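Asks: If it helps, the file is called work.pdb and holds PDB, C-alpha atoms and all ligand atoms:
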ATOM      1  CA  MET A   1     114.443 111.600  84.717
ATOM      2  CA  LEU A   2     117.294 113.663  86.091
ATOM      3  CA  GLN A   3     116.876 116.002  83.094
ATOM      4  CA  ASP A   4     113.549 117.106  84.557
ATOM      5  CA  ILE A   5     114.985 118.223  87.905
ATOM      6  CA  GLN A   6     118.614 119.144  87.150
ATOM      7  CA  ARG A   7     117.936 122.888  87.297
ATOM      8  CA  TYR A   8     116.973 122.559  90.983
ATOM      9  CA  LEU A   9     119.972 120.465  92.062
ATOM     10  CA  THR A  10     122.952 121.900  93.952
ATOM     11  CA  CYS A  11     126.461 120.613  94.539
ATOM     12  CA  PRO A  12     126.936 119.007  97.987
ATOM     13  CA  HIS A  13     130.513 120.327  98.142
ATOM     14  CA  CYS A  14     130.123 123.994  97.168
ATOM     15  CA  GLY A  15     126.365 124.653  96.865
ATOM     16  CA  LEU A  16     126.561 125.880  93.261
ATOM     17  CA  GLY A  17     124.065 124.681  90.656
ATOM     18  CA  LEU A  18     124.537 121.405  88.790
ATOM     19  CA  ALA A  19     123.990 120.607  85.136
ATOM     20  CA  LEU A  20     123.886 117.315  83.255
ATOM     21  CA  ASP A  21     126.435 116.713  80.530
ATOM     22  CA  ALA A  22     125.225 116.251  76.967
ATOM     23  CA  ALA A  23     125.240 112.456  77.208
ATOM     24  CA  GLY A  24     123.256 112.560  80.473
ATOM     25  CA  ARG A  25     125.928 110.485  82.256
ATOM     26  CA  GLY A  26     127.144 112.982  84.822
ATOM     27  CA  LEU A  27     126.295 116.144  86.731
ATOM     28  CA  ARG A  28     128.866 118.877  87.144
ATOM     29  CA  CYS A  29     129.017 122.217  88.994
ATOM     30  CA  PRO A  30     130.870 125.358  87.806
ATOM     31  CA  ALA A  31     133.631 124.650  90.383
ATOM     32  CA  GLY A  32     134.339 121.331  88.663
ATOM     33  CA  HIS A  33     132.812 118.857  91.133
ATOM     34  CA  SER A  34     131.264 116.001  89.203
ATOM     35  CA  PHE A  35     128.873 113.155  89.983
ATOM     36  CA  ASP A  36     128.296 110.075  87.834
ATOM     37  CA  VAL A  37     124.762 109.007  86.988
ATOM     38  CA  ALA A  38     124.380 105.310  87.870
ATOM     39  CA  LYS A  39     123.267 103.057  85.042
ATOM     40  CA  GLN A  40     119.991 102.521  86.929
ATOM     41  CA  GLY A  41     119.311 106.249  86.490
ATOM     42  CA  TYR A  42     119.882 107.739  89.953
ATOM     43  CA  VAL A  43     122.734 110.015  91.059
ATOM     44  CA  SER A  44     124.451 110.202  94.432
ATOM     45  CA  LEU A  45     124.868 113.724  95.816
ATOM     46  CA  LEU A  46     126.043 112.626  99.249
ATOM     47  CA  GLY A  47     128.583 115.048 100.642
ATOM     48  CA  GLY A  48     131.851 113.884 102.134
ATOM     49  CA  GLY A  49     131.723 111.904 105.350
ATOM     50  CA  ALA A  50     128.107 110.812 104.947
ATOM     51  CA  HIS A  51     127.236 107.250 105.890
ATOM     52  CA  THR A  52     124.332 105.281 104.501
ATOM     53  CA  GLY A  53     123.773 102.966 107.480
ATOM     54  CA  THR A  54     120.163 104.032 108.092
ATOM     55  CA  GLY A  55     119.086 103.468 104.494
ATOM     56  CA  ASP A  56     116.744 100.647 103.588
ATOM     57  CA  THR A  57     118.484  97.415 102.618
ATOM     58  CA  THR A  58     117.696  95.594  99.385
ATOM     59  CA  GLU A  59     115.476  93.119 101.315
ATOM     60  CA  MET A  60     113.524  95.906 103.029
ATOM     61  CA  VAL A  61     113.047  97.685  99.711
ATOM     62  CA  ALA A  62     111.793  94.499  98.022
ATOM     63  CA  ALA A  63     109.333  93.857 100.872
ATOM     64  CA  ARG A  64     108.050  97.422 100.650
ATOM     65  CA  ALA A  65     107.746  97.369  96.854
ATOM     66  CA  ASP A  66     105.668  94.152  96.896
ATOM     67  CA  PHE A  67     103.470  95.391  99.703
ATOM     68  CA  LEU A  68     102.775  98.747  98.039
ATOM     69  CA  ALA A  69     102.201  97.105  94.641
ATOM     70  CA  ALA A  70      99.457  94.984  96.241
ATOM     71  CA  GLY A  71      97.623  98.275  96.916
ATOM     72  CA  HIS A  72      97.387  97.931 100.700
ATOM     73  CA  TYR A  73      98.385 101.575 101.304
ATOM     74  CA  ARG A  74      96.324 102.978  98.448
ATOM     75  CA  PRO A  75      94.181 105.037 100.896
ATOM     76  CA  ILE A  76      97.345 106.852 102.004
ATOM     77  CA  ALA A  77      98.366 107.555  98.404
ATOM     78  CA  ASP A  78      94.848 108.827  97.609
ATOM     79  CA  ALA A  79      94.856 111.155 100.626
ATOM     80  CA  LEU A  80      98.273 112.517  99.657
ATOM     81  CA  ALA A  81      97.179 113.065  96.059
ATOM     82  CA  ARG A  82      94.130 115.016  97.282
ATOM     83  CA  ALA A  83      96.200 117.188  99.648
ATOM     84  CA  ALA A  84      98.730 117.816  96.883
ATOM     85  CA  ALA A  85      95.993 118.918  94.476
ATOM     86  CA  GLU A  86      94.589 121.273  97.147
ATOM     87  CA  ALA A  87      98.024 122.854  97.518
ATOM     88  CA  ALA A  88      97.839 123.687  93.786
ATOM     89  CA  PRO A  89     101.564 123.588  92.940
ATOM     90  CA  ALA A  90     102.503 125.623  89.862
ATOM     91  CA  PRO A  91     102.512 123.736  86.554
ATOM     92  CA  GLY A  92     105.958 122.340  85.864
ATOM     93  CA  GLY A  93     107.000 122.979  89.485
ATOM     94  CA  LEU A  94     109.020 120.691  91.734
ATOM     95  CA  VAL A  95     107.589 118.159  94.177
ATOM     96  CA  ALA A  96     110.360 116.757  96.407
ATOM     97  CA  ASP A  97     109.811 113.515  98.342
ATOM     98  CA  LEU A  98     112.153 113.243 101.318
ATOM     99  CA  GLY A  99     112.787 109.581 102.183
ATOM    100  CA  ALA A 100     110.945 108.665  98.996
ATOM    101  CA  GLY A 101     111.694 104.939  99.103
ATOM    102  CA  THR A 102     110.504 103.299  95.888
ATOM    103  CA  GLY A 103     108.753 106.476  94.701
ATOM    104  CA  TYR A 104     105.277 104.980  95.056
ATOM    105  CA  TYR A 105     103.668 108.037  96.667
ATOM    106  CA  LEU A 106     105.544 110.595  94.578
ATOM    107  CA  ALA A 107     104.419 108.883  91.357
ATOM    108  CA  ARG A 108     100.794 108.889  92.530
ATOM    109  CA  VAL A 109     100.974 112.551  93.494
ATOM    110  CA  LEU A 110     102.475 113.573  90.125
ATOM    111  CA  ASP A 111      99.792 111.594  88.274
ATOM    112  CA  GLY A 112      97.067 113.291  90.291
ATOM    113  CA  LEU A 113      98.315 116.827  89.658
ATOM    114  CA  GLY A 114      98.140 116.953  85.893
ATOM    115  CA  GLY A 115     100.325 120.089  85.543
ATOM    116  CA  GLU A 116     103.439 118.279  84.279
ATOM    117  CA  GLN A 117     105.047 118.866  87.687
ATOM    118  CA  VAL A 118     108.391 117.124  88.170
ATOM    119  CA  GLY A 119     109.481 114.978  91.119
ATOM    120  CA  ALA A 120     112.715 114.656  93.076
ATOM    121  CA  ALA A 121     112.912 111.316  94.909
ATOM    122  CA  LEU A 122     115.418 111.865  97.732
ATOM    123  CA  ASP A 123     116.599 108.919  99.811
ATOM    124  CA  ILE A 124     119.774 107.588 101.336
ATOM    125  CA  SER A 125     119.174 104.070  99.986
ATOM    126  CA  LYS A 126     120.352 103.413  96.439
ATOM    127  CA  PHE A 127     118.343 100.183  96.483
ATOM    128  CA  ALA A 128     115.177 102.220  96.949
ATOM    129  CA  LEU A 129     116.177 104.797  94.342
ATOM    130  CA  ARG A 130     116.838 102.202  91.640
ATOM    131  CA  ARG A 131     113.118 101.624  91.789
ATOM    132  CA  ALA A 132     112.138 105.264  92.291
ATOM    133  CA  ALA A 133     114.061 106.232  89.146
ATOM    134  CA  ARG A 134     111.644 104.015  87.181
ATOM    135  CA  ALA A 135     108.480 104.827  89.120
ATOM    136  CA  HIS A 136     107.410 107.751  86.901
ATOM    137  CA  PRO A 137     108.773 109.409  83.745
ATOM    138  CA  ARG A 138     109.105 112.801  85.485
ATOM    139  CA  ILE A 139     110.918 111.555  88.614
ATOM    140  CA  GLY A 140     114.631 112.172  89.105
ATOM    141  CA  ALA A 141     116.227 110.086  91.883
ATOM    142  CA  VAL A 142     118.966 111.523  94.119
ATOM    143  CA  VAL A 143     120.869 109.806  96.941
ATOM    144  CA  CYS A 144     121.291 112.222  99.847
ATOM    145  CA  ASP A 145     121.053 112.378 103.615
ATOM    146  CA  ALA A 146     117.977 113.975 105.191
ATOM    147  CA  TRP A 147     120.164 115.079 108.125
ATOM    148  CA  ARG A 148     122.575 117.097 105.981
ATOM    149  CA  PRO A 149     121.955 120.057 103.675
ATOM    150  CA  LEU A 150     119.667 118.803 100.893
ATOM    151  CA  PRO A 151     121.095 119.128  97.361
ATOM    152  CA  LEU A 152     118.217 121.400  96.305
ATOM    153  CA  ASP A 153     118.235 125.135  95.712
ATOM    154  CA  ASP A 154     116.603 127.573  98.170
ATOM    155  CA  GLY A 155     112.891 128.006  97.471
ATOM    156  CA  SER A 156     112.943 125.441  94.682
ATOM    157  CA  ALA A 157     110.094 123.164  95.797
ATOM    158  CA  GLU A 158     106.371 123.779  95.488
ATOM    159  CA  LEU A 159     105.689 120.802  97.731
ATOM    160  CA  VAL A 160     107.674 118.471  99.965
ATOM    161  CA  LEU A 161     106.353 114.988 100.779
ATOM    162  CA  ASN A 162     107.621 113.055 103.803
ATOM    163  CA  VAL A 163     106.058 109.638 104.383
ATOM    164  CA  PHE A 164     107.260 107.435 107.267
ATOM    165  CA  ALA A 165     110.696 108.963 106.806
ATOM    166  CA  PRO A 166     113.212 111.230 108.573
ATOM    167  CA  ARG A 167     112.987 115.019 108.242
ATOM    168  CA  ASP A 168     114.880 118.148 109.176
ATOM    169  CA  GLY A 169     112.543 121.126 109.521
ATOM    170  CA  GLY A 170     115.151 123.775 108.735
ATOM    171  CA  GLU A 171     116.157 122.137 105.475
ATOM    172  CA  ILE A 172     112.547 121.574 104.411
ATOM    173  CA  ARG A 173     111.786 125.221 105.084
ATOM    174  CA  ARG A 174     114.852 126.313 103.100
ATOM    175  CA  VAL A 175     113.957 124.318  99.965
ATOM    176  CA  LEU A 176     110.243 125.230  99.995
ATOM    177  CA  ARG A 177     109.174 128.279  98.022
ATOM    178  CA  PRO A 178     107.295 130.916 100.066
ATOM    179  CA  GLY A 179     103.777 129.536 100.580
ATOM    180  CA  GLY A 180     104.892 126.015  99.633
ATOM    181  CA  ARG A 181     103.680 123.079 101.712
ATOM    182  CA  LEU A 182     105.009 120.025 103.493
ATOM    183  CA  LEU A 183     102.701 116.970 103.402
ATOM    184  CA  LEU A 184     103.779 114.660 106.200
ATOM    185  CA  VAL A 185     102.459 111.135 106.833
ATOM    186  CA  SER A 186     103.147 109.540 110.202
ATOM    187  CA  PRO A 187     101.683 106.458 111.889
ATOM    188  CA  SER A 188      99.008 107.003 114.543
ATOM    189  CA  PRO A 189      99.200 104.991 117.784
ATOM    190  CA  ARG A 190      96.598 102.594 116.290
ATOM    191  CA  HIS A 191      98.623 101.826 113.158
ATOM    192  CA  LEU A 192      98.981  98.035 112.744
ATOM    193  CA  GLY A 193      97.846  97.769 116.379
ATOM    194  CA  GLU A 194      96.743  94.133 116.047
ATOM    195  CA  LEU A 195     100.188  93.109 114.780
ATOM    196  CA  VAL A 196     101.987  95.136 117.422
ATOM    197  CA  GLY A 197     100.152  93.149 120.096
ATOM    198  CA  ALA A 198     100.362  89.711 118.486
ATOM    199  CA  LEU A 199     103.960  89.924 117.305
ATOM    200  CA  GLY A 200     105.520  92.110 119.963
ATOM    201  CA  LEU A 201     106.496  94.891 117.535
ATOM    202  CA  LEU A 202     107.606  98.429 118.283
ATOM    203  CA  SER A 203     104.595 100.570 119.073
ATOM    204  CA  VAL A 204     104.001 104.196 118.131
ATOM    205  CA  ASP A 205     103.867 106.332 121.226
ATOM    206  CA  GLU A 206     100.977 108.691 121.927
ATOM    207  CA  GLU A 207     103.256 111.695 122.030
ATOM    208  CA  LYS A 208     104.657 111.262 118.526
ATOM    209  CA  GLU A 209     102.539 114.000 116.882
ATOM    210  CA  ARG A 210     103.359 116.504 119.585
ATOM    211  CA  ARG A 211     107.066 115.806 119.197
ATOM    212  CA  ILE A 212     106.906 116.199 115.403
ATOM    213  CA  ASP A 213     105.037 119.525 115.751
ATOM    214  CA  GLU A 214     107.549 120.735 118.304
ATOM    215  CA  LYS A 215     110.528 119.917 116.095
ATOM    216  CA  LEU A 216     108.970 121.538 113.013
ATOM    217  CA  GLY A 217     107.551 124.492 114.960
ATOM    218  CA  PRO A 218     110.469 126.902 114.473
ATOM    219  CA  TRP A 219     110.258 126.416 110.704
ATOM    220  CA  LEU A 220     106.753 125.489 109.622
ATOM    221  CA  ARG A 221     103.175 126.105 110.736
ATOM    222  CA  LEU A 222     100.643 123.274 110.958
ATOM    223  CA  VAL A 223      97.668 124.238 108.762
ATOM    224  CA  GLY A 224      95.701 120.990 108.678
ATOM    225  CA  ARG A 225      95.663 117.425 109.882
ATOM    226  CA  THR A 226      93.482 114.503 108.824
ATOM    227  CA  GLU A 227      93.344 110.960 110.071
ATOM    228  CA  VAL A 228      93.353 108.252 107.421
ATOM    229  CA  GLU A 229      92.123 104.969 108.861
ATOM    230  CA  PHE A 230      91.419 101.848 106.815
ATOM    231  CA  PRO A 231      91.066  98.089 107.258
ATOM    232  CA  LEU A 232      93.809  95.839 105.908
ATOM    233  CA  ARG A 233      93.206  92.185 105.089
ATOM    234  CA  LEU A 234      96.659  90.724 104.709
ATOM    235  CA  PRO A 235      97.718  87.336 103.422
ATOM    236  CA  ARG A 236     100.477  86.076 105.767
ATOM    237  CA  PRO A 237     103.346  86.956 103.395
ATOM    238  CA  ASP A 238     102.043  90.535 103.197
ATOM    239  CA  ALA A 239     101.763  90.703 106.980
ATOM    240  CA  ALA A 240     105.396  89.557 107.116
ATOM    241  CA  ALA A 241     106.268  92.226 104.542
ATOM    242  CA  VAL A 242     104.710  95.051 106.542
ATOM    243  CA  VAL A 243     106.933  93.991 109.444
ATOM    244  CA  GLY A 244     110.010  93.586 107.226
ATOM    245  CA  MET A 245     109.730  96.946 105.494
ATOM    246  CA  GLY A 246     109.525  99.292 108.478
ATOM    247  CA  PRO A 247     111.549 100.111 111.560
ATOM    248  CA  ASN A 248     110.756  96.654 112.947
ATOM    249  CA  ALA A 249     113.093  95.135 110.370
ATOM    250  CA  TRP A 250     115.955  96.528 112.434
ATOM    251  CA  HIS A 251     114.676  95.435 115.830
ATOM    252  CA  THR A 252     112.690  92.229 115.452
ATOM    253  CA  ASP A 253     113.731  88.610 115.077
ATOM    254  CA  GLN A 254     112.349  87.485 111.684
ATOM    255  CA  ALA A 255     112.014  83.822 112.660
ATOM    256  CA  ARG A 256     110.012  84.716 115.752
ATOM    257  CA  VAL A 257     107.735  86.971 113.674
ATOM    258  CA  ALA A 258     107.137  84.186 111.143
ATOM    259  CA  ALA A 259     106.300  81.706 113.919
ATOM    260  CA  ALA A 260     103.881  84.137 115.571
ATOM    261  CA  LEU A 261     102.239  84.952 112.216
ATOM    262  CA  ALA A 262     101.636  81.251 111.550
ATOM    263  CA  GLU A 263      99.408  81.216 114.644
ATOM    264  CA  LEU A 264      97.152  84.013 113.336
ATOM    265  CA  PRO A 265      94.079  83.426 111.139
ATOM    266  CA  GLU A 266      94.583  84.219 107.459
ATOM    267  CA  PRO A 267      93.970  86.791 106.117
ATOM    268  CA  VAL A 268      95.317  88.746 109.064
ATOM    269  CA  GLU A 269      92.938  91.625 109.813
ATOM    270  CA  VAL A 270      94.792  94.775 110.766
ATOM    271  CA  THR A 271      94.038  98.484 111.121
ATOM    272  CA  GLY A 272      95.954 100.962 109.009
ATOM    273  CA  SER A 273      95.935 104.349 110.730
ATOM    274  CA  VAL A 274      98.019 107.358 109.811
ATOM    275  CA  LEU A 275      97.928 111.123 110.173
ATOM    276  CA  LEU A 276      98.369 113.353 107.161
ATOM    277  CA  SER A 277      99.637 116.708 108.414
ATOM    278  CA  VAL A 278      99.941 119.790 106.229
ATOM    279  CA  TYR A 279     102.500 122.463 107.134
ATOM    280  CA  GLU A 280     103.182 125.795 105.506
TER     281      GLU A 280
HETATM  282  C1  LIG B 301     109.940 103.478 106.156
HETATM  283  S1  LIG B 301     110.750 103.933 104.633
HETATM  284  C2  LIG B 301     109.508 104.916 103.815
HETATM  285  C3  LIG B 301     109.737 105.030 102.321
HETATM  286  C4  LIG B 301     108.618 105.699 101.515
HETATM  287  N1  LIG B 301     108.372 107.068 101.942
HETATM  288  C5  LIG B 301     107.361 104.880 101.617
HETATM  289  O1  LIG B 301     106.561 105.155 102.532
HETATM  290  O2  LIG B 301     107.171 103.961 100.826
HETATM  291  C6  LIG B 301     111.945 105.131 105.181
HETATM  292  C7  LIG B 301     112.848 105.620 104.078
HETATM  293  O3  LIG B 301     113.730 106.592 104.597
HETATM  294  C8  LIG B 301     115.023 106.358 104.061
HETATM  295  N2  LIG B 301     116.009 106.962 104.967
HETATM  296  C9  LIG B 301     116.440 106.499 106.166
HETATM  297  N3  LIG B 301     117.367 107.326 106.683
HETATM  298  C10 LIG B 301     117.528 108.348 105.794
HETATM  299  C11 LIG B 301     118.332 109.524 105.763
HETATM  300  N4  LIG B 301     119.163 109.823 106.757
HETATM  301  N5  LIG B 301     118.220 110.323 104.684
HETATM  302  C12 LIG B 301     117.379 110.050 103.667
HETATM  303  N6  LIG B 301     116.592 108.955 103.645
HETATM  304  C13 LIG B 301     116.664 108.114 104.692
HETATM  305  C14 LIG B 301     115.102 104.858 103.942
HETATM  306  O4  LIG B 301     116.104 104.432 103.027
HETATM  307  C15 LIG B 301     113.687 104.513 103.484
HETATM  308  O5  LIG B 301     113.558 104.511 102.077
HETATM  309 ZN    ZN B 302     130.695 122.049  93.490
END
Translate this file's structure into C-alpha cells.
Ligand SMILES: C[S@@+](CC[C@H](N)C(=O)[O-])C[C@H]1O[C@@H](n2cnc3c(N)ncnc32)[C@H](O)[C@@H]1O
Ligand SMILES: [Zn+2]
Replies:
Amino acid sequence: MLQDIQRYLTCPHCGLGLALDAAGRGLRCPAGHSFDVAKQGYVSLLGGGAHTGTGDTTEMVAARADFLAAGHYRPIADALARAAAEAAPAPGGLVADLGAGTGYYLARVLDGLGGEQVGAALDISKFALRRAARAHPRIGAVVCDAWRPLPLDDGSAELVLNVFAPRDGGEIRRVLRPGGRLLLVSPSPRHLGELVGALGLLSVDEEKERRIDEKLGPWLRLVGRTEVEFPLRLPRPDAAAVVGMGPNAWHTDQARVAAALAELPEPVEVTGSVLLSVYE
C-alpha cells in the first residue's frame, strides 16, 4: 500500500517529501502540490509535460498477467529472489521496481526476503499498476516516467529491480543508498529464438549487454552476471501472449503471428534465456 512507501516519495514539481492525508486518498507536499490516489490504489506522480505513449496498453498488460500467472517465467523470478536475498537489504527497507509492470517480480522478491521490506512499483502504465497495487500487501504503485527524475528520495532504495524495462543510470544511482544494488534482467540473444525465427519477430542483438554496461558505466559497477536459461513449453495462446506482451506488440502484425503460430506444433517448444546482471 502507498502507506508503506510514502516516506520515500517526493513531489515531481518541487522535490519535497510527500505525505498521505488521513483518509489515504491523496498525497501532498509542504508546498501544496497534491496528487489523488486512484480508487484502484495507485497514484500518478508524473511531472508536467510527461506523455505515457510508451506505457503498456491494457491488452499488453492482460497478456503479460496471464502469461506470468501460468508460471512460465518462474525461473527468472526465482533467480531474482536469490540475488535479492544475497544483497541482504535492511529489514523494512525499500525495494523499487522500475518498469514494474504487474508487480509479479517485485511481489516474489518481497516474499523471498522475509524482512518486511516494502516495494515501490514504478511504471508509466496505469493499466499495469492497477494490478501491481494488488500484487502484494507491501507494494505501493506509482505512475512515473523512467526517463525523468524518479519521485523517490536520494539514497532511499536498498535495491532497484529492472526487468525488461527502460532505465536511466543516473536516476537509479541517485535513488540507491550507498552500497545498494541494481538487479537487471535483460533478454539474451537466444531468448525466444525459435519464435523469432518462425514468426519473424524482433531479435535481440549480440551487442545489447555491452551497450547496457556502457550506458550504466558512469553510474554503477557490474559486480556479477548470471545466465538463466530454461525450456518453455507453450500452448499456442501462451505463445501468442509472449509475442503480445513485449516490444513485438508494437511492431508485429497480430493476424500474421496467429497464422504462423497455427502452423507450429503444440505445445510450442521455446528457449527462455535471460541475463541477470548485478550492479553496485
Ligand atoms: C516489457 S514490460 C516489463 C514489465 C515487468 N518488468 C515484467 O517483466 O513483467 C515493460 C514495462 O515498462 C513500462 N514502461 C515503458 N516505458 C516506460 C517509461 N518511460 N517509464 C516507466 N515505465 C515504462 C511499460 O509500461 C511496461 O510495464
Ligand atoms: Zn511539491
Asks: Would you mind listing what lies within 8 Å of Gly193 of chain A as a ChimeraX atom specification, with all atoms listed in the file counted and same-chain residues fewer than 2 positions away left out?
Replies: /A:189-191,195-197,203,270-271
Asks: Can you tell me which residues come within 7 Å of ligand LIG 301 (chain B) when counting only C-alpha atoms and all ligand atoms, ideally as a list of chain:residue names?
Replies: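 With only C-alpha atoms and all ligand atoms and a cut-off of 7 Å, ligand LIG 301 (chain B) is contacted by A:Thr54, A:Gly55, A:Asp56, A:Arg64, A:Leu98, A:Gly99, A:Ala100, A:Gly101, A:Thr102, A:Gly103, A:Tyr104, A:Tyr105, A:Leu122, A:Asp123, A:Ile124, A:Ser125, A:Ala128, A:Cys144, A:Asp145, A:Ala146, A:Trp147, A:Asn162, A:Val163, A:Phe164, A:Ala165, A:Pro166, A:Met245, A:Gly246, A:Pro247.
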Asks: Which residue, A:Met60, A:Leu234, A:Leu2, A:Leu45, has the smallest gap to ligand ZN 302 (chain B) when you use only C-alpha atoms and all ligand atoms?
Replies: A:Leu45
Asks: Once you count only C-alpha atoms and all ligand atoms, which residues end up within 7 Å of ligand ZN 302 (chain B), and could you hand them over as a list in words?
Replies: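 My answer, listing the contacting residues, is Cys11, Pro12, His13, Cys14, Gly15, Leu16, Cys29, Pro30, Ala31, Gly32 and His33 of chain A.
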Asks: Mind telling me what the PyMOL selection byres (((chain A and resi 69-81) around 9) and not hetatm) catches here, as a PDB file with C-alpha atoms, in the coordinates of the input?
Replies:
ATOM      1  CA  ARG A  64     108.050  97.422 100.650  1.00  0.00           C
ATOM      2  CA  ALA A  65     107.746  97.369  96.854  1.00  0.00           C
ATOM      3  CA  ASP A  66     105.668  94.152  96.896  1.00  0.00           C
ATOM      4  CA  PHE A  67     103.470  95.391  99.703  1.00  0.00           C
ATOM      5  CA  LEU A  68     102.775  98.747  98.039  1.00  0.00           C
ATOM      6  CA  ARG A  82      94.130 115.016  97.282  1.00  0.00           C
ATOM      7  CA  ALA A  83      96.200 117.188  99.648  1.00  0.00           C
ATOM      8  CA  ALA A  84      98.730 117.816  96.883  1.00  0.00           C
ATOM      9  CA  ALA A  85      95.993 118.918  94.476  1.00  0.00           C
ATOM     10  CA  GLU A  86      94.589 121.273  97.147  1.00  0.00           C
ATOM     11  CA  TYR A 104     105.277 104.980  95.056  1.00  0.00           C
ATOM     12  CA  TYR A 105     103.668 108.037  96.667  1.00  0.00           C
ATOM     13  CA  LEU A 106     105.544 110.595  94.578  1.00  0.00           C
ATOM     14  CA  ARG A 108     100.794 108.889  92.530  1.00  0.00           C
ATOM     15  CA  VAL A 109     100.974 112.551  93.494  1.00  0.00           C
ATOM     16  CA  LEU A 110     102.475 113.573  90.125  1.00  0.00           C
ATOM     17  CA  ASP A 111      99.792 111.594  88.274  1.00  0.00           C
ATOM     18  CA  GLY A 112      97.067 113.291  90.291  1.00  0.00           C
ATOM     19  CA  LEU A 113      98.315 116.827  89.658  1.00  0.00           C
ATOM     20  CA  LEU A 161     106.353 114.988 100.779  1.00  0.00           C
ATOM     21  CA  LEU A 183     102.701 116.970 103.402  1.00  0.00           C
ATOM     22  CA  LEU A 184     103.779 114.660 106.200  1.00  0.00           C
ATOM     23  CA  VAL A 185     102.459 111.135 106.833  1.00  0.00           C
ATOM     24  CA  THR A 226      93.482 114.503 108.824  1.00  0.00           C
ATOM     25  CA  VAL A 228      93.353 108.252 107.421  1.00  0.00           C
ATOM     26  CA  GLU A 229      92.123 104.969 108.861  1.00  0.00           C
ATOM     27  CA  PHE A 230      91.419 101.848 106.815  1.00  0.00           C
ATOM     28  CA  LEU A 232      93.809  95.839 105.908  1.00  0.00           C
ATOM     29  CA  ARG A 233      93.206  92.185 105.089  1.00  0.00           C
ATOM     30  CA  LEU A 234      96.659  90.724 104.709  1.00  0.00           C
ATOM     31  CA  ASP A 238     102.043  90.535 103.197  1.00  0.00           C
ATOM     32  CA  GLY A 272      95.954 100.962 109.009  1.00  0.00           C
ATOM     33  CA  VAL A 274      98.019 107.358 109.811  1.00  0.00           C
ATOM     34  CA  LEU A 276      98.369 113.353 107.161  1.00  0.00           C
TER      35      LEU A 276
END
Asks: Could you give me the centre and size, in Å to one decimal, of an axis-aligned box around all listed atoms of segment 73-88 of chain A with 5 Å added on every side, as JSON?
Replies:
{"center_x": 96.4, "center_y": 112.6, "center_z": 97.9, "size_x": 14.6, "size_y": 32.1, "size_z": 18.2}
Asks: I'd like to know which of A:Leu159, A:Leu201, A:Ala259, A:Ile172 is closest to Lys215 of chain A, using all atoms listed in the file.
Replies: A:Ile172
Asks: Would you mind writing segment 61-73 of chain A with N, CA and C atoms, as a PDB file, in the coordinates of the input?
Replies:
ATOM      1  N   VAL A  61     113.624  97.006 100.872  1.00  0.00           N
ATOM      2  CA  VAL A  61     113.047  97.685  99.711  1.00  0.00           C
ATOM      3  C   VAL A  61     112.151  96.724  98.924  1.00  0.00           C
ATOM      4  N   ALA A  62     112.594  95.477  98.765  1.00  0.00           N
ATOM      5  CA  ALA A  62     111.793  94.499  98.022  1.00  0.00           C
ATOM      6  C   ALA A  62     110.481  94.225  98.757  1.00  0.00           C
ATOM      7  N   ALA A  63     110.550  94.100 100.082  1.00  0.00           N
ATOM      8  CA  ALA A  63     109.333  93.857 100.872  1.00  0.00           C
ATOM      9  C   ALA A  63     108.359  95.019 100.709  1.00  0.00           C
ATOM     10  N   ARG A  64     108.884  96.234 100.774  1.00  0.00           N
ATOM     11  CA  ARG A  64     108.050  97.422 100.650  1.00  0.00           C
ATOM     12  C   ARG A  64     107.442  97.539  99.253  1.00  0.00           C
ATOM     13  N   ALA A  65     108.239  97.258  98.234  1.00  0.00           N
ATOM     14  CA  ALA A  65     107.746  97.369  96.854  1.00  0.00           C
ATOM     15  C   ALA A  65     106.588  96.395  96.624  1.00  0.00           C
ATOM     16  N   ASP A  66     106.741  95.145  97.084  1.00  0.00           N
ATOM     17  CA  ASP A  66     105.668  94.152  96.896  1.00  0.00           C
ATOM     18  C   ASP A  66     104.410  94.558  97.640  1.00  0.00           C
ATOM     19  N   PHE A  67     104.609  95.016  98.858  1.00  0.00           N
ATOM     20  CA  PHE A  67     103.470  95.391  99.703  1.00  0.00           C
ATOM     21  C   PHE A  67     102.699  96.562  99.085  1.00  0.00           C
ATOM     22  N   LEU A  68     103.429  97.568  98.635  1.00  0.00           N
ATOM     23  CA  LEU A  68     102.775  98.747  98.039  1.00  0.00           C
ATOM     24  C   LEU A  68     102.115  98.385  96.727  1.00  0.00           C
ATOM     25  N   ALA A  69     102.772  97.504  95.937  1.00  0.00           N
ATOM     26  CA  ALA A  69     102.201  97.105  94.641  1.00  0.00           C
ATOM     27  C   ALA A  69     100.879  96.369  94.829  1.00  0.00           C
ATOM     28  N   ALA A  70     100.713  95.690  95.966  1.00  0.00           N
ATOM     29  CA  ALA A  70      99.457  94.984  96.241  1.00  0.00           C
ATOM     30  C   ALA A  70      98.321  95.967  96.560  1.00  0.00           C
ATOM     31  N   GLY A  71      98.655  97.250  96.735  1.00  0.00           N
ATOM     32  CA  GLY A  71      97.623  98.275  96.916  1.00  0.00           C
ATOM     33  C   GLY A  71      97.168  98.482  98.352  1.00  0.00           C
ATOM     34  N   HIS A  72      97.858  97.851  99.311  1.00  0.00           N
ATOM     35  CA  HIS A  72      97.387  97.931 100.700  1.00  0.00           C
ATOM     36  C   HIS A  72      97.382  99.359 101.244  1.00  0.00           C
ATOM     37  N   TYR A  73      98.306 100.197 100.797  1.00  0.00           N
ATOM     38  CA  TYR A  73      98.385 101.575 101.304  1.00  0.00           C
ATOM     39  C   TYR A  73      97.802 102.596 100.320  1.00  0.00           C
TER      40      TYR A  73
END
